[in-house]
Amino acid sequence: TEEQHPRDRYLTVFGRKPVLEALSHPDLDYGTFRVERGARGSLINKMLELCRKKDIRTDRVSKREVNRISRNARQDQGVVLDVVAQRMAGLDGWLLGLEGTAMVLVLDGVTTPANVGLIIRSAVAAGIHGLVIPRKGCPEVGPLVIKASAGTAFGAPILRCSTVTEAAMQLKAAGFQLVGLKGGASEPLYDTPFPERSAWVLGNEAIGISPAIETLIDRSISIPMAPGVESLNVAAAATVVAFEYQRRHRSKVAPTGA
């Protein structure tokens with residue numbers, strides 16, 4: 001229920017097919033399902049039936065209220081559902097409870113929902129301890145991101161904060177070394193030891209790491225590539241780093257939870 005979970009532990013799903021898929025998942029917990037008062041049809045009926053079977057709170061609300069919650073009036077199709085993200089947390093609170101070694105990925109202005117979703121999927125698959133997705137500069141973890149993540153976003157260790165600069169400062173204060181992933185950097189990934197606590201920064205698809213974060217980077221690392229290719233897609237690069245960490249630290253990776 002919404003009384004048991006803070007609001008920042010919810011992912012908002014909208015659109016009839018995405019909501020129906022989420023309601024059909026066997027292992028999720030839910031907040032409230034909100035449906036526009038005038039919404040009708042077979043998919044709506046299936047959603048309402050699933051809500052009754054799973055004892056999910058259902059509210060019939062105005063179109064304006066659905067649009068306000070989804071923030072996407074063109075695509076919400078009159079339905080929004082709150083799904084509990086079991087491992088989502090605020091970065092500050094997560095750091096307070098952290099003990100020992102950890103490896104996190106930090107998104108610095110990654111703007112394409114598909115890339116964010118693919119990074120989430122790789123982070124979960126590799127058992128990465130945390131994935132920092134700032135609220136400013138990155139897409140909301142909504143239907144497009146969730147779809148690209150193949151549903152792993154619901155159980156991913158997503159860490160929220162306001163800005164990437166705020167995240168960088170908090171991580172450094174907690175003893176993390178900030179590592180920038182940059183094409184052309186002289187230090188290659190495969191020859192680089194992972195620090196006890198490392199935060200790997202993934203920059204914007206077009207411009208890379210932002211100037212503000214560049215000044216905070218402790219070291220820059222590149223992924224060795226054959227001649228003729230300038231760089232990898234940011235999601236592909238994140239996957240390489242995540243699984244290189246897993247390869248070296250198989251006994252230390254976090255459980256996926258998804």
# chains A, B, ... in the order shown; residues from 1 in each chain; ligands from 1

$ select_by_dssp --residues "range 19-249 of chain A" --states "strand (DSSP E or B)" --output "ChimeraX atom specification"
/A:30-36,57-61,79-84,89-90,102-108,130-132,158-160,177-181,187-188,197-204,208,219-222

$ residues_around --residues "range 128-139 of chain A" --least-positions-apart "6" --cutoff "9 Å" --atoms "only C-alpha atoms" --output "ChimeraX atom specification"
/A:91,102-113,116,119-120,122,145,156-164,166-167,242-243,245-246,253-256

$ closest_residue --among "A:Ser24, A:Thr12, A:Gln75, A:Thr215" --to "Phe154 in chain A" --atoms "only C-alpha atoms"
A:Thr12

$ residues_around --residues "Leu216 in chain A" --least-positions-apart "4" --cutoff "10 Å" --atoms "only C-alpha atoms" --output "compact mmCIF listing (two decimals) with N, CA, C and O atoms, in the first residue's frame"
# COMPACT_ATOMS: atom_id res chain seq x y z
N THR A 165 25.88 16.58 -10.32
CA THR A 165 26.91 17.24 -9.50
C THR A 165 26.72 16.91 -8.03
O THR A 165 27.68 16.61 -7.31
N ALA A 168 27.91 13.38 -7.53
CA ALA A 168 29.37 13.27 -7.53
C ALA A 168 29.95 13.71 -6.19
O ALA A 168 30.85 13.06 -5.65
N MET A 169 29.45 14.80 -5.65
CA MET A 169 29.95 15.30 -4.38
C MET A 169 29.65 14.33 -3.24
O MET A 169 30.50 14.08 -2.37
N LYS A 172 31.96 11.18 -3.62
CA LYS A 172 33.34 11.45 -3.23
C LYS A 172 33.48 11.60 -1.72
O LYS A 172 34.46 11.12 -1.12
N GLN A 177 35.92 6.76 -5.62
CA GLN A 177 36.74 7.36 -6.65
C GLN A 177 35.88 7.53 -7.89
O GLN A 177 35.20 6.60 -8.32
N LEU A 178 35.88 8.74 -8.44
CA LEU A 178 35.05 9.05 -9.60
C LEU A 178 35.85 8.75 -10.87
O LEU A 178 36.90 9.35 -11.10
N VAL A 179 35.35 7.79 -11.65
CA VAL A 179 36.05 7.34 -12.84
C VAL A 179 35.25 7.75 -14.07
O VAL A 179 34.08 7.38 -14.22
N GLY A 180 35.85 8.50 -14.95
CA GLY A 180 35.18 8.93 -16.17
C GLY A 180 35.48 7.97 -17.30
O GLY A 180 36.64 7.64 -17.56
N PRO A 211 31.14 19.41 -18.42
CA PRO A 211 32.28 20.14 -17.88
C PRO A 211 32.31 20.20 -16.36
O PRO A 211 33.39 20.10 -15.75
N ALA A 212 31.15 20.33 -15.73
CA ALA A 212 31.10 20.40 -14.27
C ALA A 212 31.62 19.13 -13.62
O ALA A 212 32.32 19.16 -12.61

$ select_by_dssp --residues "range 9-203 of chain A" --states "alpha helix (DSSP H)" --output "PyMOL selection string"
chain A and resi 16-24+42-54+63-70+91-96+113-126+143-148+164-173

$ closest_residue --among "A:Leu20, A:Val61, A:Leu232, A:Ala185" --to "Glu49 in chain A" --atoms "only C-alpha atoms"
A:Leu20

$ residues_around --residues "Ser222 in chain A" --least-positions-apart "5" --cutoff "6 Å" --atoms "only C-alpha atoms" --output "list in words"
Leu181, Lys182, Gly183, Ala185, Pro188 and Leu189 of chain A

$ closest_residue --among "A:Gly142, A:Gly78, A:Pro26, A:Gly100" --to "Val13 in chain A" --atoms "only C-alpha atoms"
A:Gly142

$ decode --residues "range 72-135 of chain A" --atoms "C-alpha atoms" --output "PDB file, in the first residue's frame"
ATOM      1  CA  ASN A  72       2.127  12.519 -20.739  1.00  0.00           C
ATOM      2  CA  ALA A  73      -1.418  13.299 -21.824  1.00  0.00           C
ATOM      3  CA  ARG A  74      -0.787  12.054 -25.364  1.00  0.00           C
ATOM      4  CA  GLN A  75       0.190   8.533 -24.339  1.00  0.00           C
ATOM      5  CA  ASP A  76      -1.333   7.672 -20.964  1.00  0.00           C
ATOM      6  CA  GLN A  77      -4.586   6.387 -22.567  1.00  0.00           C
ATOM      7  CA  GLY A  78      -6.514   7.145 -19.392  1.00  0.00           C
ATOM      8  CA  VAL A  79      -4.624   4.837 -17.007  1.00  0.00           C
ATOM      9  CA  VAL A  80      -1.709   5.143 -14.567  1.00  0.00           C
ATOM     10  CA  LEU A  81      -0.355   2.588 -12.129  1.00  0.00           C
ATOM     11  CA  ASP A  82       2.087   2.953  -9.250  1.00  0.00           C
ATOM     12  CA  VAL A  83       4.479  -0.007  -9.007  1.00  0.00           C
ATOM     13  CA  VAL A  84       6.717  -0.438  -5.981  1.00  0.00           C
ATOM     14  CA  ALA A  85      10.397  -0.299  -6.936  1.00  0.00           C
ATOM     15  CA  GLN A  86      11.753  -2.489  -4.164  1.00  0.00           C
ATOM     16  CA  ARG A  87      15.400  -1.461  -4.471  1.00  0.00           C
ATOM     17  CA  MET A  88      15.020   2.189  -5.454  1.00  0.00           C
ATOM     18  CA  ALA A  89      16.411   4.584  -2.854  1.00  0.00           C
ATOM     19  CA  GLY A  90      17.699   8.073  -2.353  1.00  0.00           C
ATOM     20  CA  LEU A  91      21.468   8.219  -2.902  1.00  0.00           C
ATOM     21  CA  ASP A  92      22.089  10.001   0.413  1.00  0.00           C
ATOM     22  CA  GLY A  93      20.227   7.391   2.455  1.00  0.00           C
ATOM     23  CA  TRP A  94      21.847   4.532   0.551  1.00  0.00           C
ATOM     24  CA  LEU A  95      25.314   5.912   1.243  1.00  0.00           C
ATOM     25  CA  LEU A  96      24.572   6.217   4.953  1.00  0.00           C
ATOM     26  CA  GLY A  97      23.833   2.502   5.139  1.00  0.00           C
ATOM     27  CA  LEU A  98      26.673   1.379   2.876  1.00  0.00           C
ATOM     28  CA  GLU A  99      29.426  -0.813   4.290  1.00  0.00           C
ATOM     29  CA  GLY A 100      32.466  -2.123   2.479  1.00  0.00           C
ATOM     30  CA  THR A 101      33.233  -2.054  -1.216  1.00  0.00           C
ATOM     31  CA  ALA A 102      30.825  -0.952  -3.924  1.00  0.00           C
ATOM     32  CA  MET A 103      30.684  -0.176  -7.622  1.00  0.00           C
ATOM     33  CA  VAL A 104      28.077   2.169  -9.068  1.00  0.00           C
ATOM     34  CA  LEU A 105      27.309   3.633 -12.465  1.00  0.00           C
ATOM     35  CA  VAL A 106      26.430   7.333 -12.686  1.00  0.00           C
ATOM     36  CA  LEU A 107      24.434   8.790 -15.574  1.00  0.00           C
ATOM     37  CA  ASP A 108      25.620  12.264 -16.540  1.00  0.00           C
ATOM     38  CA  GLY A 109      23.049  13.652 -18.953  1.00  0.00           C
ATOM     39  CA  VAL A 110      22.156  10.373 -20.666  1.00  0.00           C
ATOM     40  CA  THR A 111      18.958  11.527 -22.354  1.00  0.00           C
ATOM     41  CA  THR A 112      17.631   8.680 -24.499  1.00  0.00           C
ATOM     42  CA  PRO A 113      15.097   6.497 -22.622  1.00  0.00           C
ATOM     43  CA  ALA A 114      16.171   3.407 -24.556  1.00  0.00           C
ATOM     44  CA  ASN A 115      19.778   3.899 -23.448  1.00  0.00           C
ATOM     45  CA  VAL A 116      18.758   4.380 -19.819  1.00  0.00           C
ATOM     46  CA  GLY A 117      16.637   1.225 -19.959  1.00  0.00           C
ATOM     47  CA  LEU A 118      19.439  -0.819 -21.504  1.00  0.00           C
ATOM     48  CA  ILE A 119      21.902   0.450 -18.891  1.00  0.00           C
ATOM     49  CA  ILE A 120      19.479  -0.552 -16.133  1.00  0.00           C
ATOM     50  CA  ARG A 121      19.179  -4.019 -17.634  1.00  0.00           C
ATOM     51  CA  SER A 122      22.953  -4.474 -17.826  1.00  0.00           C
ATOM     52  CA  ALA A 123      23.465  -3.134 -14.293  1.00  0.00           C
ATOM     53  CA  VAL A 124      20.966  -5.632 -12.902  1.00  0.00           C
ATOM     54  CA  ALA A 125      22.362  -8.515 -14.966  1.00  0.00           C
ATOM     55  CA  ALA A 126      25.921  -7.804 -13.814  1.00  0.00           C
ATOM     56  CA  GLY A 127      24.952  -7.365 -10.173  1.00  0.00           C
ATOM     57  CA  ILE A 128      26.146  -3.765  -9.923  1.00  0.00           C
ATOM     58  CA  HIS A 129      25.544  -2.274  -6.476  1.00  0.00           C
ATOM     59  CA  GLY A 130      23.858   0.921  -7.624  1.00  0.00           C
ATOM     60  CA  LEU A 131      22.837   2.977 -10.644  1.00  0.00           C
ATOM     61  CA  VAL A 132      22.628   6.718 -10.052  1.00  0.00           C
ATOM     62  CA  ILE A 133      19.938   8.344 -12.210  1.00  0.00           C
ATOM     63  CA  PRO A 134      19.620  12.066 -11.373  1.00  0.00           C
ATOM     64  CA  ARG A 135      16.179  13.610 -11.712  1.00  0.00           C
TER      65      ARG A 135
END
